[in-house]
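See below for the structure under consideration.
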Amino acid sequence: MPEITYRKAISQALREILQSDPRAFMIGEDIGGYQGAYAVTRGFLKEFGPERIKDTPIAESVIVGAGIGAAMAGSRPIIEIMTINFSLLAMDQIINCAAKLHYMSGGQVTVPLVIRTVSGGGTQLAASHSQSLEGWFAHVPGLKVVAPSTPYDAKGLLRAAYQDPNPVMYVEHSLLYGMKGDIPDEEYSIPLGVADVKREGSDVTIISYSRMAQVALKAAVRLEEEGIDAEVVDLRSLRPMDTETIINSVKKTSRAVVVEEGWKAMGIGAEVSARIMENALEYLDAPVQRVASADIPMPYSRPLELATLPNEDRIIEAVHRLF
Amino acid sequence: MATTRYKADLQIPLEELGLTRDEVLGMYRDMLMARAVSERLWILGRLGKVYFLVSCEGHEAAQIGSVYAMRRGHDIFIPYYRDLGVALAAGSPPLDIFLHALGKRADPYSAGRQLPGHYSRRDLNIVSGSSVVGTQIPHGVGTAYASRYRGEDAVTIVYFGEGATSKGDFHEALNFAGIHRLPVIFFCENNGWAISVPQTKQMVVQDVASKADGYGFPGLSVDGTDVLEVYRVTREAAARARQGQGPTLIEAKVFRFSSHSSNDDQTRYRTPEDLEGERAHDPVIRFQEQLLNSSVLDEVEDLQIREEVDRTLDEAMTQAEASPDPHPEDASGQVYSEG
Ligand SMILES: Cc1ncc(C[n+]2csc(CCOP(=O)(O)OP(=O)(O)O)c2C)c(N)n1
């Protein structure tokens, strides 16, 4: 099993799709000449040419809208929105159009569209460039939303997203691109809607996704040193969400902490907690705890940014509140 | 309606331009200052003290010439992230810019919260909103609407790059302003690049100015390395706006001397000849030569001005670096106005 980076894993999945499926092409800002704002499409323009790797003007609404049109017409576009912050410019296309066309056309129109984008903070880019808005999309029926936390998941989920006949938001994290992990040589995909127990434990379940799943794993190592055996469930898919894996874990541990990088109000943690209440209330020894970013727009200055983001210490404090 | 204007002669018709010698030298000093602040920010960036920066280098004449054409402290400035020169010329001293870029507690624009390049000083009528491209253009329409609604004669000037003109925000804003003949100047600094995407991949037309045709008001292309020409054209647009004749789109053709931002390396997508060639269009050198050749300035005075700029910046930088960082507790608060 070769060890590669998260960036490379995504890149490899895209390359294999483009090589094997002539219906596939990519549209996005700075994906060609620049080779991707996060260098995911390095070498693509040269390998696949300008008809399949299309640089665009700054016009997110038409990037998504054209992707929808091409998908309706039978192509398999993979589009890139430079960061999730700019998906806001295409919100109507994503939510009013992509998510609804199949249902509202009585099943006649399908939109097999992958929208790749990048979420998260921690790189001092301030309020309008550091958001974790994936929960907004997970709110909407008709969309699927995935957010991988490892190279292995990144590649497998991208394949599944591509094969899916529905619009899928594929959400990368800017601080994970350099992370390394093992990937099998043979082709594989990871079904959408299946969570992964990244670490088994018996005392508490920490549920998270994307970069925060990695932070949770580090917190779990520290918790072990003090004798608390934490299980870490990585959601991987936000919609559909794998309730069963969450509930099975909570039934085993009787304690749960949900960690997300976005804001707490109306967030992923709220959703997961509600599912636990609905399905496993009688198993809980303590109220579910939520760890999230501070309830403010993300500030630029380093000390302020650090004060805003969730981290290992805050996860450990939340676990302590359960005992 | 798009026209291109050039002015090659080196004489400076102060009277015709309605400028005093002091004002012209002020423009020059501000251009030198903008360039030098930017150069120092790159150094702070390399030292890891400034995490992110967007440079104004190559855009100085467009930024400063346009500000001098407005009534500073009275008209409304809505700059974008590249407009360090606009902030300086509109009255915000270099100390402000260093405090901001260093994310200091005393940063007057945002108390260390906003990404460098967002200059907001209410007392100077400068406001900068989001770093999302083009979102400020509709704001300029709104400030102009409010000025007229309240019977005030302030004119708004809103700045953006040519990349922003691909966005719906640009088209919606121009259409709205055209319909209502609002007192707003749309000022495009066209450096030919949206990060790595060249103008030819952004639009089919040669001149951004021609986009005004669809909205029924004048669009003018101007050599954005010629500070006095930028001044003249902007002043005319401001006069039209003040007289109730509506908006103008000005396109200043400029060059982007540095990479898009500190996260970019433009040698990856631009040829050495291209990068070398554009150095011949340095607006600061051009103005210096113009001033020396027309005897508005002599070499001794030139040196004095430069030394003064350096001194000012040495002091500002030292002061800013010594200024305290924000406390983690400063992160909260001000999410909502208390009324
Ligand atoms: C809506 C949106 N999409 C993408 C970006 C990323 N981005 C930041 S600056 C930029 C290029 C802007 O080019 P232009 O408007 O020509 O201004 P310049 O930076 O060249 O002065 C892009 C694509 C963004 N900030 N906002």
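Note on naming: chains are A, B, ... as they come in the structure tokens, residues start from 1 per chain, ligands start from 1 in the order shown.
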Worksheet item: Mind listing as a count of residues only which residues of chain A are within 9 Å of chain B, counting only C-alpha atoms?
Response: 38
Worksheet item: Could you pull out all residues of region 135-314 of chain A with a DSSP call of alpha helix (DSSP H) and give them as a PyMOL selection string?
Response: chain A and resi 135-138+151-163+210-225+243-253+268-280+302-308+312-314
Worksheet item: So which residues touch Ile68 (chain A) within 7 Å, counting only C-alpha atoms, skipping near sequence neighbours fewer than 3 positions away, as an MDAnalysis selection string?
Response: chainID A and resid 64:65 71:72 98 111 113
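Residue nearest ligand 1, chosen from B:Ala252, B:Leu32, B:Val300, B:Ala212 and counting only C-alpha atoms and all ligand atoms: B:Ala252.
The gap separating CA of Asp203 (chain A) from CA of Ala230 (chain A) is 5.6 Å, in Å to one decimal.
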Practice prompt. Would you mind listing what lies within 9 Å of Ser273 (chain A) as a list in words, with only C-alpha atoms counted and same-chain residues fewer than 2 positions away left out?
Written response: Ala256, Val257, Val258, Ile268, Gly269, Ala270, Glu271, Arg275, Ile276, Met277, Glu278, Val288, Gln289 and Arg290 of chain A
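When CA of Ser210 (chain A) is paired with CA of Arg236 (chain A), their separation reads 7.1 Å.
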Fill in: Members of region 125-285 of chain B assigned strand (DSSP E) by DSSP, as a PyMOL selection string
chain B and resi 156-161+184-190+193-194+197-198+219-223+248-253
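Closest approach to ligand 1 among A:Met26, A:Val114, A:Met82, A:Ile315: A:Met82, based on only C-alpha atoms and all ligand atoms.
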Fill in: Non-local contacts of Arg116 (chain A) (10 Å; only C-alpha atoms; under 4 positions in same chain excluded) as a VMD selection string
chain A and resid 28 78 to 84 146 158 161 168 to 172
Can I get the selected residues back with N, CA and C atoms, as a compact mmCIF listing (two decimals), in the first residue's frame?
```txt
# COMPACT_ATOMS: atom_id res chain seq x y z
N GLY A 28 -13.41 25.27 -13.56
CA GLY A 28 -13.17 25.98 -12.31
C GLY A 28 -12.19 27.14 -12.48
N ILE A 78 -17.01 17.69 -13.41
CA ILE A 78 -16.53 17.82 -12.04
C ILE A 78 -16.13 19.27 -11.91
N ILE A 79 -16.83 20.01 -11.08
CA ILE A 79 -16.51 21.43 -11.04
C ILE A 79 -15.81 21.77 -9.74
N GLU A 80 -15.03 22.82 -9.79
CA GLU A 80 -14.31 23.24 -8.59
C GLU A 80 -14.72 24.66 -8.22
N ILE A 81 -15.19 24.82 -7.00
CA ILE A 81 -15.40 26.14 -6.44
C ILE A 81 -14.20 26.35 -5.52
N MET A 82 -13.40 27.38 -5.80
CA MET A 82 -12.08 27.54 -5.16
C MET A 82 -12.12 27.33 -3.65
N THR A 83 -13.07 27.94 -2.97
CA THR A 83 -13.29 27.60 -1.56
C THR A 83 -14.79 27.66 -1.29
N ILE A 84 -15.20 27.01 -0.22
CA ILE A 84 -16.63 26.91 0.08
C ILE A 84 -17.24 28.30 0.32
N VAL A 146 -20.13 15.11 1.31
CA VAL A 146 -19.08 14.32 1.96
C VAL A 146 -17.90 15.21 2.30
N LEU A 158 -14.37 10.19 -3.40
CA LEU A 158 -14.47 10.94 -4.65
C LEU A 158 -14.95 10.02 -5.78
N ALA A 161 -18.61 9.58 -5.22
CA ALA A 161 -19.32 10.82 -5.56
C ALA A 161 -19.48 10.92 -7.07
N VAL A 168 -23.32 16.02 -5.77
CA VAL A 168 -22.59 15.75 -4.52
C VAL A 168 -21.63 16.90 -4.24
N MET A 169 -21.74 17.45 -3.06
CA MET A 169 -20.75 18.43 -2.60
C MET A 169 -19.60 17.63 -1.98
N TYR A 170 -18.43 17.78 -2.54
CA TYR A 170 -17.26 17.04 -2.06
C TYR A 170 -16.34 18.08 -1.40
N VAL A 171 -16.27 18.02 -0.08
CA VAL A 171 -15.66 19.11 0.68
C VAL A 171 -14.29 18.71 1.23
N GLU A 172 -13.26 19.35 0.69
CA GLU A 172 -11.88 19.08 1.14
C GLU A 172 -11.54 20.04 2.28
```
Quick one: everything within 12 Å of region 21-28 of chain B, counting only C-alpha atoms, minus sequence neighbours fewer than 5 positions away in the same chain. Send it as a CSV table (one decimal) with N, CA, C and O atoms, in the first residue's frame.
```csv
chain,number,residue,atom,x,y,z
B,12,ILE,N,3.5,69.7,-17.6
B,12,ILE,CA,2.4,69.5,-16.7
B,12,ILE,C,1.5,70.8,-16.6
B,12,ILE,O,1.9,71.8,-16.1
B,13,PRO,N,0.4,70.8,-17.3
B,13,PRO,CA,-0.4,72.0,-17.3
B,13,PRO,C,-1.2,72.1,-16.0
B,13,PRO,O,-2.4,71.8,-16.0
B,14,LEU,N,-0.5,72.6,-15.0
B,14,LEU,CA,-1.1,72.6,-13.7
B,14,LEU,C,-2.5,73.3,-13.7
B,14,LEU,O,-3.5,72.8,-13.1
B,15,GLU,N,-2.5,74.5,-14.3
B,15,GLU,CA,-3.7,75.3,-14.3
B,15,GLU,C,-4.9,74.5,-15.0
B,15,GLU,O,-6.0,74.5,-14.4
B,33,MET,N,5.2,56.5,-1.4
B,33,MET,CA,4.9,55.9,-0.1
B,33,MET,C,4.2,54.6,-0.3
B,33,MET,O,4.5,53.6,0.4
B,34,ALA,N,3.2,54.5,-1.2
B,34,ALA,CA,2.5,53.3,-1.4
B,34,ALA,C,3.5,52.2,-1.9
B,34,ALA,O,3.4,51.1,-1.4
B,35,ARG,N,4.3,52.5,-2.8
B,35,ARG,CA,5.3,51.6,-3.3
B,35,ARG,C,6.2,51.1,-2.1
B,35,ARG,O,6.4,49.9,-1.9
B,60,GLU,N,-0.1,52.1,-8.6
B,60,GLU,CA,-0.1,53.3,-7.8
B,60,GLU,C,-0.7,54.6,-8.5
B,60,GLU,O,-1.4,55.3,-7.9
B,61,ALA,N,-0.4,54.8,-9.8
B,61,ALA,CA,-0.9,56.0,-10.5
B,61,ALA,C,-2.4,55.9,-10.5
B,61,ALA,O,-3.1,57.0,-10.3
B,62,ALA,N,-3.0,54.8,-10.8
B,62,ALA,CA,-4.4,54.7,-10.9
B,62,ALA,C,-5.1,54.9,-9.6
B,62,ALA,O,-6.0,55.7,-9.5
B,63,GLN,N,-4.5,54.4,-8.5
B,63,GLN,CA,-5.1,54.5,-7.2
B,63,GLN,C,-5.0,56.0,-6.7
B,63,GLN,O,-6.0,56.6,-6.2
B,64,ILE,N,-3.8,56.5,-6.8
B,64,ILE,CA,-3.6,57.8,-6.2
B,64,ILE,C,-4.2,59.0,-7.1
B,64,ILE,O,-4.8,59.9,-6.6
B,65,GLY,N,-4.0,58.8,-8.4
B,65,GLY,CA,-4.6,59.8,-9.3
B,65,GLY,C,-6.1,59.9,-9.1
B,65,GLY,O,-6.7,61.0,-9.1
B,66,SER,N,-6.8,58.8,-8.9
B,66,SER,CA,-8.2,58.8,-8.8
B,66,SER,C,-8.6,59.4,-7.4
B,66,SER,O,-9.6,60.2,-7.4
B,67,VAL,N,-7.9,59.1,-6.4
B,67,VAL,CA,-8.3,59.7,-5.1
B,67,VAL,C,-8.1,61.2,-5.1
B,67,VAL,O,-9.0,61.9,-4.6
B,68,TYR,N,-7.1,61.7,-5.7
B,68,TYR,CA,-6.9,63.2,-5.7
B,68,TYR,C,-8.0,63.9,-6.5
B,68,TYR,O,-8.2,65.1,-6.3
B,69,ALA,N,-8.6,63.2,-7.3
B,69,ALA,CA,-9.7,63.8,-8.1
B,69,ALA,C,-11.0,63.9,-7.3
B,69,ALA,O,-12.0,64.6,-7.7
B,85,GLY,N,-2.8,52.1,-2.0
B,85,GLY,CA,-2.6,53.5,-2.4
B,85,GLY,C,-3.8,54.4,-2.2
B,85,GLY,O,-3.7,55.5,-1.9
B,86,VAL,N,-5.0,53.8,-2.4
B,86,VAL,CA,-6.2,54.5,-2.2
B,86,VAL,C,-6.3,54.9,-0.7
B,86,VAL,O,-6.6,56.0,-0.3
B,88,LEU,N,-4.0,55.2,1.6
B,88,LEU,CA,-3.0,56.2,1.9
B,88,LEU,C,-3.4,57.6,1.4
B,88,LEU,O,-3.4,58.6,2.2
B,89,ALA,N,-3.8,57.7,0.1
B,89,ALA,CA,-4.1,59.0,-0.4
B,89,ALA,C,-5.4,59.5,0.2
B,89,ALA,O,-5.6,60.7,0.3
B,90,ALA,N,-6.3,58.6,0.6
B,90,ALA,CA,-7.5,59.1,1.1
B,90,ALA,C,-7.3,59.5,2.6
B,90,ALA,O,-8.3,59.9,3.3
B,91,GLY,N,-6.1,59.4,3.1
B,91,GLY,CA,-5.9,60.0,4.4
B,91,GLY,C,-5.5,59.1,5.5
B,91,GLY,O,-5.3,59.5,6.7
B,226,ASP,N,-0.4,56.7,-15.9
B,226,ASP,CA,-0.3,58.1,-16.1
B,226,ASP,C,-1.2,58.8,-15.0
B,226,ASP,O,-2.4,59.0,-15.2
B,227,VAL,N,-0.6,59.2,-13.9
B,227,VAL,CA,-1.3,59.6,-12.8
B,227,VAL,C,-2.2,60.9,-13.1
B,227,VAL,O,-3.3,61.0,-12.6
B,228,LEU,N,-1.6,61.8,-13.9
B,228,LEU,CA,-2.3,63.0,-14.1
B,228,LEU,C,-3.5,62.8,-15.1
B,228,LEU,O,-4.6,63.4,-14.9
B,230,VAL,N,-5.2,59.9,-15.2
B,230,VAL,CA,-6.2,59.3,-14.3
B,230,VAL,C,-6.9,60.3,-13.5
B,230,VAL,O,-8.2,60.3,-13.4
B,231,TYR,N,-6.2,61.3,-13.0
B,231,TYR,CA,-6.8,62.4,-12.2
B,231,TYR,C,-7.8,63.1,-13.1
B,231,TYR,O,-8.9,63.4,-12.6
B,283,PRO,N,4.8,53.2,-13.1
B,283,PRO,CA,4.1,54.5,-13.0
B,283,PRO,C,4.9,55.4,-12.1
B,283,PRO,O,4.8,56.6,-12.2
B,284,VAL,N,5.6,54.9,-11.1
B,284,VAL,CA,6.3,55.8,-10.2
B,284,VAL,C,7.5,56.4,-10.9
B,284,VAL,O,7.7,57.6,-10.8
B,285,ILE,N,8.2,55.6,-11.7
B,285,ILE,CA,9.3,56.2,-12.4
B,285,ILE,C,8.8,57.1,-13.5
B,285,ILE,O,9.4,58.2,-13.7
B,286,ARG,N,7.7,56.8,-14.1
B,286,ARG,CA,7.2,57.6,-15.2
B,286,ARG,C,6.8,59.0,-14.6
B,286,ARG,O,7.1,60.0,-15.2
B,287,PHE,N,6.3,59.0,-13.4
B,287,PHE,CA,5.9,60.3,-12.8
B,287,PHE,C,7.1,61.1,-12.4
B,287,PHE,O,7.2,62.3,-12.6
B,288,GLN,N,8.1,60.4,-11.9
B,288,GLN,CA,9.3,61.0,-11.4
B,288,GLN,C,9.9,61.7,-12.7
B,288,GLN,O,10.3,62.9,-12.6
B,289,GLU,N,10.0,61.0,-13.8
B,289,GLU,CA,10.6,61.6,-15.0
B,289,GLU,C,9.8,62.8,-15.4
B,289,GLU,O,10.4,63.9,-15.8
B,290,GLN,N,8.5,62.7,-15.4
B,290,GLN,CA,7.7,63.8,-15.8
B,290,GLN,C,7.9,65.0,-15.0
B,290,GLN,O,8.0,66.1,-15.5
B,291,LEU,N,8.0,64.8,-13.7
B,291,LEU,CA,8.2,65.9,-12.7
B,291,LEU,C,9.5,66.6,-12.9
B,291,LEU,O,9.7,67.8,-12.9
B,292,LEU,N,10.6,65.7,-13.1
B,292,LEU,CA,11.9,66.3,-13.3
B,292,LEU,C,12.0,67.0,-14.6
B,292,LEU,O,12.5,68.1,-14.7
B,294,SER,N,9.7,68.4,-16.4
B,294,SER,CA,8.9,69.6,-16.5
B,294,SER,C,9.3,70.6,-15.5
B,294,SER,O,8.6,71.6,-15.3
B,295,SER,N,10.4,70.3,-14.8
B,295,SER,CA,10.9,71.2,-13.7
B,295,SER,C,9.9,71.5,-12.6
B,295,SER,O,10.0,72.6,-11.9
B,296,VAL,N,9.0,70.7,-12.4
B,296,VAL,CA,8.1,70.9,-11.2
B,296,VAL,C,9.0,70.5,-10.0
B,296,VAL,O,8.8,70.9,-8.9
B,297,LEU,N,9.9,69.6,-10.2
B,297,LEU,CA,10.7,69.0,-9.2
B,297,LEU,C,12.2,69.0,-9.6
B,297,LEU,O,12.5,68.8,-10.8
B,298,ASP,N,13.1,69.3,-8.7
B,298,ASP,CA,14.5,69.1,-9.0
B,298,ASP,C,15.1,67.9,-8.2
B,298,ASP,O,14.4,67.4,-7.3
B,301,GLU,N,15.3,68.1,-4.4
B,301,GLU,CA,14.0,68.0,-3.7
B,301,GLU,C,13.5,66.5,-3.8
B,301,GLU,O,12.9,66.0,-2.8
B,302,ASP,N,13.7,65.9,-4.9
B,302,ASP,CA,13.3,64.5,-5.1
B,302,ASP,C,13.9,63.6,-4.0
B,302,ASP,O,13.2,62.9,-3.4
B,304,GLN,N,15.0,64.6,-1.2
B,304,GLN,CA,14.4,65.0,0.1
B,304,GLN,C,13.1,64.3,0.4
B,304,GLN,O,12.8,63.8,1.5
B,305,ILE,N,12.3,64.3,-0.7
B,305,ILE,CA,11.0,63.6,-0.5
B,305,ILE,C,11.2,62.1,-0.2
B,305,ILE,O,10.5,61.6,0.7
B,306,ARG,N,12.0,61.5,-1.0
B,306,ARG,CA,12.3,60.1,-0.8
B,306,ARG,C,12.8,59.8,0.7
B,306,ARG,O,12.4,58.8,1.3
B,309,VAL,N,10.0,60.0,3.1
B,309,VAL,CA,9.2,58.8,3.0
B,309,VAL,C,9.8,57.7,3.8
B,309,VAL,O,9.2,57.0,4.7
```
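Shortest atom-to-atom contact with Leu223 (chain A) among A:Asn166, A:Met266, A:His320, A:Gly181: A:His320, counting only C-alpha atoms.
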Practice prompt. Considering only C-alpha atoms and all ligand atoms, state which residue in the set A:Tyr6, A:Tyr209, A:Tyr38, A:Trp263 is at the smallest distance from ligand 1.
Written response: A:Tyr38
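Comparing the minimum interatomic distances between ligand 1 and each of B:Glu251, B:Glu189, B:Asp75, B:Glu276, counting only C-alpha atoms and all ligand atoms, we find that B:Glu189 sits nearest.
Minimum atom-to-atom distance to ligand 1, evaluated using only C-alpha atoms and all ligand atoms, belongs to A:Ser87 out of A:Ser87, A:Thr205, A:Gln35, A:Thr41.
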Worksheet entry | Non-local contacts of Lys211 (chain B) (9 Å; only C-alpha atoms; under 5 positions in same chain excluded) as a VMD selection string | chain B and resid 2 165 171 205 219 249
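For the pair CA of Gly193 (chain A) and CA of Asn279 (chain A), the interatomic distance is 17.9 Å.
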